[in-house]
Amino acid sequence: MSTSKTRERGAAIDIRDATKRYGKFTALDNVSLHIEPGEFMTLLGPSGSGKTTTLNVVAGFTDLTAGDLSVGGESIVGVPAHKRNIGVVFQHYALFPHMTVGKNVAYPLTLRGVEKGERERRVKAALDMVKMADFAHRYPSELSGGQQQRVALARAIVFDPPLLLMDEPLGALDKKLREWLQLEIKRIHRELGTTFVYVTHDQEEALVLSDRIAVFNQGRIEQIGTGRQLYDEPATLFVGKFIGESTTLRGKAETSGDETGLTIAGQKIVAKEKLAGGETPVILLRPEKLSLAAAKAPITNGQNSLAGQVSEAIYLGSGSKYQVVLRDGSIAVVRSSLEAKPFTIGDEVDLRWSVEDSKLLADDDRADMTLT
Amino acid sequence: MKPFRIILGLFCLLVAVWLIMPTLVVIPMSFNDKKSLAFPPSGFSWQWYANFFTNPEWSNSLLNSLKVASIVAVVATFIGTLAALGLSRMKHSGAGILRAILITPMVVPGVVLAIGIYAVYLNYQLVGTTFGFVLAHTMLAIPFVIIAVSASLEVFDVRLETAAASLGANRFTAFRTITLPLIAPGMLSGLLFAFVTSFDEIIVALFITSPYLKTLPVQIFTSITRDADPTVAAVGTIIFFATSLVIAAGLIIGSKSKRS
Ligand SMILES: Nc1ncnc2c1ncn2[C@@H]1O[C@H](COP(=O)(O)OP(=O)(O)OP(=O)(O)O)[C@@H](O)[C@H]1O
Ligand SMILES: [Mg+2]
């Protein structure tokens, strides 16, 4: 918002082998994360997985037990929060109740000794950006939650930080408002070119907003990638189950060549992948890759088939969603298009999918307990 | 239902009368035309008010009280606020014990404190000194400040200081620009309490007073045991209206800050 020609783009962030312990408890376990200048990076994970801790470490609110952290190529370990020049937006807004909206947004500029005329111009520009310019004379208590969060956002960007951190900023808002503000945040990110690091436990929100997503689980990063990569090529079972809907299949495994076969309730299915030795394989399937056929219908080549019974059929307008109970008791989720033949609850069906769509992953008990 | 409400109303009225009766008796007494503390008064005159403002014994004691109470109010507010801040940031269980210790001057009987203070003051020649009065009264006033400021810290969101830090404020600046304005109403009510605590303190004052330094309550006490003239009633009336004004001001400031 200062003279936009001289404005530097966002800063790169490098977190290397970051560990944070509280007594015996390890909140962050050897986390490494590189974020590109101007990137929108989302930290996604279940409650208690270490997202806020990571953000607090970058903001300077929490010290690392071990590891290194640099912003814009310079290590900032030991630099106090107020000297880091990093914008932060909190879930609880944290607006100063005794100051008007205008004073709140001017606060970081006043601290930096920006003179009055320039200050007013930048406050106006920041409030314009979040569409709150008409509210400059109101007090925070006279605003709705969504309006307060927009003011908090203006306050965090008014001093042109090269990096903006947001910790579940939309967590306290209702769904409609959240979806609208997501688009606003995306627009502001585009207009500013600042690096954004965004924390959420809502995977849909992460997919809407992010260039890349880092999936956290129990103080570790399970995978870093674009939404598509996480969905199509999950590195771990946890990621596969956390992002989007999925069906997991377990059974007696045997490897032959490059293929892995699983036997489930007497029926054999195949994946065109194999795991390193010593790991128990699980097959992960995405609902739109699955289809249903009438029981014992002929199989085309290169397809897997498992018998089951429809236990739930939901019409979604754009298609249908089914739950199918398989012979071993596990439940599969299937999405089918409008053209597909409809089934009703109780129908005996065959679950079909292409062999290539079997995603083979190592079984991991950490993947289940943290699903919330 | 109806008769019960009437009885309840009458009872409340009775309690209210009981509470303010002594004060209301003092006001007419102060206008008595005779030199006696009789009620009801036999005639009307302003002479006891004139006596209060012209007799140096009375005006000096008033000035002494105002001086001591003002210093006490400022010092106790400063120390009490720091103590309340420290207590609010203490996480472990020691905070509760420490708070209890800091509040003891409020619950220990005044006479016990007075004897202790007197014994120590005799040794250090503090009897009858302004410093001695300020020291003793500040100790008595600090608990009130701690309680008032703690109440406003209770509703203060510490995370605002974190937010201020992220915006570039060091700890002192964050305290000055964010914390202080938000706990100011609590500090102000602590200040008023501290002032009043010192201004009408009598027990300790009786022990550590001297003919050269008397506070107003001490002067009232000696006057009532020696002269028994209605000047005390005039003093009482003036103090009553003055404190009512101060408290009303405090309430108005308090309700204003709550609204914003
Ligand atoms: N000050 C602290 N002392 C002890 N443990 C802590 C402290 N702060 C965080 N933790 C622990 O560290 C772990 C990670 O916490 P963190 O706040 O980073 O989780 P999160 O991923 O942000 O979760 P959520 O989605 O619930 O906000 C949690 O188990 C938490 O209990
Ligand atoms: Mg969190």
# chains A, B, ... in the order shown; residues from 1 in each chain; ligands from 1
>>> closest_atom_pairs(of="chain A", to="ligand 1", cutoff="9 Å", atoms="only C-alpha atoms and all ligand atoms", output="CSV")
residue,atom,partner,partner_atom_place_in_ligand_line,distance
A:Lys20,CA,ligand 1,12 (O),8.5
A:Arg21,CA,ligand 1,5 (N),7.9
A:Tyr22,CA,ligand 1,4 (C),4.9
A:Gly23,CA,ligand 1,4 (C),7.5
A:Phe25,CA,ligand 1,5 (N),6.9
A:Thr26,CA,ligand 1,12 (O),7.1
A:Ala27,CA,ligand 1,12 (O),4.2
A:Leu28,CA,ligand 1,14 (C),7.3
A:Leu43,CA,ligand 1,21 (O),8.6
A:Leu44,CA,ligand 1,21 (O),8.0
A:Gly45,CA,ligand 1,21 (O),6.3
A:Pro46,CA,ligand 1,25 (O),5.7
A:Ser47,CA,ligand 1,26 (O),3.5
A:Gly48,CA,ligand 1,19 (O),3.4
A:Ser49,CA,ligand 1,21 (O),3.9
A:Gly50,CA,ligand 1,18 (O),3.1
A:Lys51,CA,ligand 1,21 (O),3.8
A:Thr52,CA,ligand 1,22 (O),3.5
A:Thr53,CA,ligand 1,18 (O),3.6
A:Thr54,CA,ligand 1,18 (O),6.4
A:Leu55,CA,ligand 1,18 (O),7.9
A:Asn56,CA,ligand 1,18 (O),8.2
A:Thr62,CA,ligand 1,1 (N),8.6
A:Asp167,CA,ligand 1,22 (O),7.9
A:Glu168,CA,ligand 1,27 (O),7.8
A:Val199,CA,ligand 1,22 (O),7.7
A:Thr200,CA,ligand 1,25 (O),6.9
A:His201,CA,ligand 1,25 (O),5.8
A:Phe216,CA,ligand 1,21 (O),7.5
A:Asn217,CA,ligand 1,21 (O),8.1
A:Gln218,CA,ligand 1,14 (C),7.6
A:Gly219,CA,ligand 1,14 (C),6.7
>>> residues_around(residues="Ile221 of chain A", least_positions_apart="4", cutoff="9 Å", atoms="only C-alpha atoms", output="MDAnalysis selection string")
chainID A and resid 29:33 214:217
>>> write_last_selection(atoms="N, CA, C and O atoms", output="compact mmCIF listing (two decimals), in the first residue's frame")
# COMPACT_ATOMS: atom_id res chain seq x y z
N ASP A 29 7.69 -31.65 15.81
CA ASP A 29 8.70 -32.69 15.79
C ASP A 29 9.47 -32.61 14.48
O ASP A 29 9.05 -33.15 13.46
N ASN A 30 10.59 -31.88 14.49
CA ASN A 30 11.45 -31.84 13.32
C ASN A 30 10.73 -31.39 12.05
O ASN A 30 10.80 -32.06 11.03
N VAL A 31 10.06 -30.28 12.12
CA VAL A 31 9.29 -29.79 10.98
C VAL A 31 10.18 -28.96 10.06
O VAL A 31 10.90 -28.07 10.52
N SER A 32 10.15 -29.27 8.78
CA SER A 32 10.84 -28.45 7.79
C SER A 32 9.84 -28.01 6.74
O SER A 32 9.06 -28.83 6.25
N LEU A 33 9.89 -26.74 6.38
CA LEU A 33 8.91 -26.23 5.44
C LEU A 33 9.51 -25.03 4.72
O LEU A 33 9.99 -24.10 5.36
N ALA A 214 0.33 -27.74 3.51
CA ALA A 214 1.17 -28.62 4.33
C ALA A 214 0.25 -29.32 5.31
O ALA A 214 -0.45 -28.68 6.09
N VAL A 215 0.19 -30.65 5.23
CA VAL A 215 -0.71 -31.40 6.09
C VAL A 215 0.02 -31.80 7.37
O VAL A 215 1.02 -32.52 7.32
N PHE A 216 -0.49 -31.32 8.50
CA PHE A 216 0.10 -31.61 9.80
C PHE A 216 -0.63 -32.75 10.48
O PHE A 216 -1.85 -32.88 10.35
N ASN A 217 0.13 -33.56 11.21
CA ASN A 217 -0.47 -34.58 12.05
C ASN A 217 0.48 -34.85 13.21
O ASN A 217 1.65 -35.17 13.00
>>> atom_distance(atom1="atom CA of Ile185 of chain A", atom2="atom CA of Ser144 of chain A")
17.6 Å
>>> residues_around(residues="Val74 of chain B", least_positions_apart="2", cutoff="12 Å", atoms="only C-alpha atoms", output="NGL selection string")
:B and (67-72 or 76-81 or 134 or 137-138 or 141-142 or 145 or 187-195 or 198)
>>> interface_residues(of="chain A", to="chain B", cutoff="8 Å", atoms="only C-alpha atoms", output="list in words")
Ala59, Phe61, Ala81, His82, Lys83, Arg84, Asn85, Ile86, Gly87, Val88, Ala94, Leu95, Phe96, Pro97, His98, Tyr107, Pro108, Leu111, Arg112, Tyr139, Ser141 and Ala156 of chain A
>>> residues_around(residues="Pro342 of chain A", least_positions_apart="5", cutoff="12 Å", atoms="only C-alpha atoms", output="list in words")
Ser291, Leu292, Ala293, Ala294, Val310, Ala313, Ile314, Tyr315, Gly319, Ser320, Lys321, Tyr322, Val334, Arg335, Ser336, Ser337, Asp347 and Val349 of chain A
>>> select_by_dssp(residues="segment 112-257 of chain A", states="strand (DSSP E or B)", output="PyMOL selection string")
chain A and resi 163-167+195-200+212-217+220-225+247-249+252-256
>>> write_last_selection(atoms="C-alpha atoms", output="compact mmCIF listing (two decimals), in the first residue's frame")
# COMPACT_ATOMS: atom_id res chain seq x y z
CA LEU A 163 4.52 -11.95 5.27
CA LEU A 164 1.01 -12.34 6.63
CA LEU A 165 0.05 -15.09 9.09
CA MET A 166 -3.56 -16.05 9.70
CA ASP A 167 -4.70 -18.51 12.35
CA THR A 195 3.40 -14.31 1.27
CA PHE A 196 0.38 -15.70 3.14
CA VAL A 197 0.54 -18.50 5.68
CA TYR A 198 -2.93 -19.64 6.62
CA VAL A 199 -3.98 -22.10 9.31
CA THR A 200 -7.19 -24.08 9.11
CA ARG A 212 0.15 -25.38 -1.60
CA ILE A 213 -0.97 -27.15 1.54
CA ALA A 214 1.17 -28.62 4.33
CA VAL A 215 -0.71 -31.40 6.09
CA PHE A 216 0.10 -31.61 9.80
CA ASN A 217 -0.47 -34.58 12.05
CA ARG A 220 4.79 -33.51 12.03
CA ILE A 221 4.24 -32.60 8.40
CA GLU A 222 2.86 -35.59 6.53
CA GLN A 223 2.97 -34.05 3.07
CA ILE A 224 3.37 -30.73 1.29
CA GLY A 225 1.77 -30.22 -2.09
CA THR A 247 -12.67 -45.72 0.90
CA THR A 248 -9.92 -47.83 2.43
CA LEU A 249 -9.55 -51.57 1.84
CA LYS A 252 -4.26 -60.46 2.91
CA ALA A 253 -1.54 -59.08 0.66
CA GLU A 254 0.82 -60.65 -1.85
CA THR A 255 3.26 -58.97 -4.21
CA SER A 256 4.00 -60.22 -7.71
>>> closest_residue(among="A:Arg9, A:Pro80, A:Gly171, A:Leu69", to="ligand 2", atoms="only C-alpha atoms and all ligand atoms")
A:Gly171
>>> residues_around(residues="segment 20-23 of chain B", least_positions_apart="4", cutoff="12 Å", atoms="only C-alpha atoms", output="PyMOL selection string")
chain B and resi 13-16+27-30+39+233-241+244
>>> write_last_selection(atoms="N, CA and C atoms", output="PDB file, in the first residue's frame")
ATOM      1  N   LEU B  13     -38.019  -0.358  52.613  1.00  0.00           N
ATOM      2  CA  LEU B  13     -38.023   1.048  53.001  1.00  0.00           C
ATOM      3  C   LEU B  13     -37.425   1.206  54.399  1.00  0.00           C
ATOM      4  N   LEU B  14     -37.834   0.297  55.294  1.00  0.00           N
ATOM      5  CA  LEU B  14     -37.341   0.313  56.671  1.00  0.00           C
ATOM      6  C   LEU B  14     -35.817   0.170  56.693  1.00  0.00           C
ATOM      7  N   VAL B  15     -35.315  -0.771  55.919  1.00  0.00           N
ATOM      8  CA  VAL B  15     -33.860  -0.991  55.873  1.00  0.00           C
ATOM      9  C   VAL B  15     -33.166   0.261  55.349  1.00  0.00           C
ATOM     10  N   ALA B  16     -33.742   0.859  54.297  1.00  0.00           N
ATOM     11  CA  ALA B  16     -33.136   2.048  53.707  1.00  0.00           C
ATOM     12  C   ALA B  16     -33.081   3.184  54.723  1.00  0.00           C
ATOM     13  N   ILE B  27     -27.318  16.191  59.456  1.00  0.00           N
ATOM     14  CA  ILE B  27     -27.486  17.416  58.669  1.00  0.00           C
ATOM     15  C   ILE B  27     -28.244  18.502  59.448  1.00  0.00           C
ATOM     16  N   PRO B  28     -29.439  18.234  59.994  1.00  0.00           N
ATOM     17  CA  PRO B  28     -30.107  19.285  60.787  1.00  0.00           C
ATOM     18  C   PRO B  28     -29.308  19.712  62.018  1.00  0.00           C
ATOM     19  N   MET B  29     -28.609  18.742  62.634  1.00  0.00           N
ATOM     20  CA  MET B  29     -27.821  19.079  63.817  1.00  0.00           C
ATOM     21  C   MET B  29     -26.771  20.147  63.524  1.00  0.00           C
ATOM     22  N   SER B  30     -26.256  20.116  62.292  1.00  0.00           N
ATOM     23  CA  SER B  30     -25.164  21.027  61.955  1.00  0.00           C
ATOM     24  C   SER B  30     -25.642  22.482  61.870  1.00  0.00           C
ATOM     25  N   PHE B  39     -30.714  16.842  69.080  1.00  0.00           N
ATOM     26  CA  PHE B  39     -31.591  16.567  67.954  1.00  0.00           C
ATOM     27  C   PHE B  39     -33.005  16.438  68.475  1.00  0.00           C
ATOM     28  N   ALA B 233     -20.864  18.112  63.390  1.00  0.00           N
ATOM     29  CA  ALA B 233     -21.999  17.837  62.499  1.00  0.00           C
ATOM     30  C   ALA B 233     -21.827  18.569  61.174  1.00  0.00           C
ATOM     31  N   ALA B 234     -21.329  19.815  61.246  1.00  0.00           N
ATOM     32  CA  ALA B 234     -21.083  20.573  60.018  1.00  0.00           C
ATOM     33  C   ALA B 234     -20.027  19.862  59.165  1.00  0.00           C
ATOM     34  N   VAL B 235     -18.943  19.403  59.813  1.00  0.00           N
ATOM     35  CA  VAL B 235     -17.901  18.660  59.095  1.00  0.00           C
ATOM     36  C   VAL B 235     -18.493  17.413  58.453  1.00  0.00           C
ATOM     37  N   GLY B 236     -19.285  16.705  59.263  1.00  0.00           N
ATOM     38  CA  GLY B 236     -19.900  15.480  58.752  1.00  0.00           C
ATOM     39  C   GLY B 236     -20.729  15.761  57.512  1.00  0.00           C
ATOM     40  N   THR B 237     -21.512  16.815  57.544  1.00  0.00           N
ATOM     41  CA  THR B 237     -22.370  17.152  56.407  1.00  0.00           C
ATOM     42  C   THR B 237     -21.538  17.477  55.169  1.00  0.00           C
ATOM     43  N   ILE B 238     -20.464  18.274  55.376  1.00  0.00           N
ATOM     44  CA  ILE B 238     -19.620  18.627  54.233  1.00  0.00           C
ATOM     45  C   ILE B 238     -18.997  17.378  53.623  1.00  0.00           C
ATOM     46  N   ILE B 239     -18.464  16.514  54.495  1.00  0.00           N
ATOM     47  CA  ILE B 239     -17.816  15.291  53.989  1.00  0.00           C
ATOM     48  C   ILE B 239     -18.825  14.411  53.263  1.00  0.00           C
ATOM     49  N   PHE B 240     -20.034  14.351  53.839  1.00  0.00           N
ATOM     50  CA  PHE B 240     -21.073  13.533  53.224  1.00  0.00           C
ATOM     51  C   PHE B 240     -21.340  13.979  51.788  1.00  0.00           C
ATOM     52  N   PHE B 241     -21.501  15.291  51.591  1.00  0.00           N
ATOM     53  CA  PHE B 241     -21.790  15.754  50.233  1.00  0.00           C
ATOM     54  C   PHE B 241     -20.572  15.622  49.320  1.00  0.00           C
ATOM     55  N   SER B 244     -20.225  11.964  48.361  1.00  0.00           N
ATOM     56  CA  SER B 244     -21.304  11.581  47.439  1.00  0.00           C
ATOM     57  C   SER B 244     -20.965  12.031  46.023  1.00  0.00           C
TER      58      SER B 244
END
>>> residues_around(residues="segment 189-194 of chain A", least_positions_apart="2", cutoff="12 Å", atoms="only C-alpha atoms", output="PyMOL selection string")
chain A and resi 1-2+4-5+7-13+35-41+72+86-87+126+129-130+153-154+156-165+182-187+196-198+209-211
>>> closest_residue(among="A:Asp202, A:Glu120, A:Glu245, A:Glu273", to="ligand 2", atoms="only C-alpha atoms and all ligand atoms")
A:Asp202
>>> residues_around(residues="Gly67 of chain A", least_positions_apart="4", cutoff="7 Å", atoms="only C-alpha atoms", output="list in words")
Arg16, Asp17, Ala18 and Thr19 of chain A
>>> select_by_dssp(residues="segment 62-240 of chain B", states="helix (DSSP H, G or I)", output="ChimeraX atom specification")
/B:62-89,94-107,110-123,130-154,159-166,171-199,203-208,216-226,231-240
>>> atom_distance(atom1="atom CA of Arg352 of chain A", atom2="atom CA of Asn304 of chain A")
5.5 Å
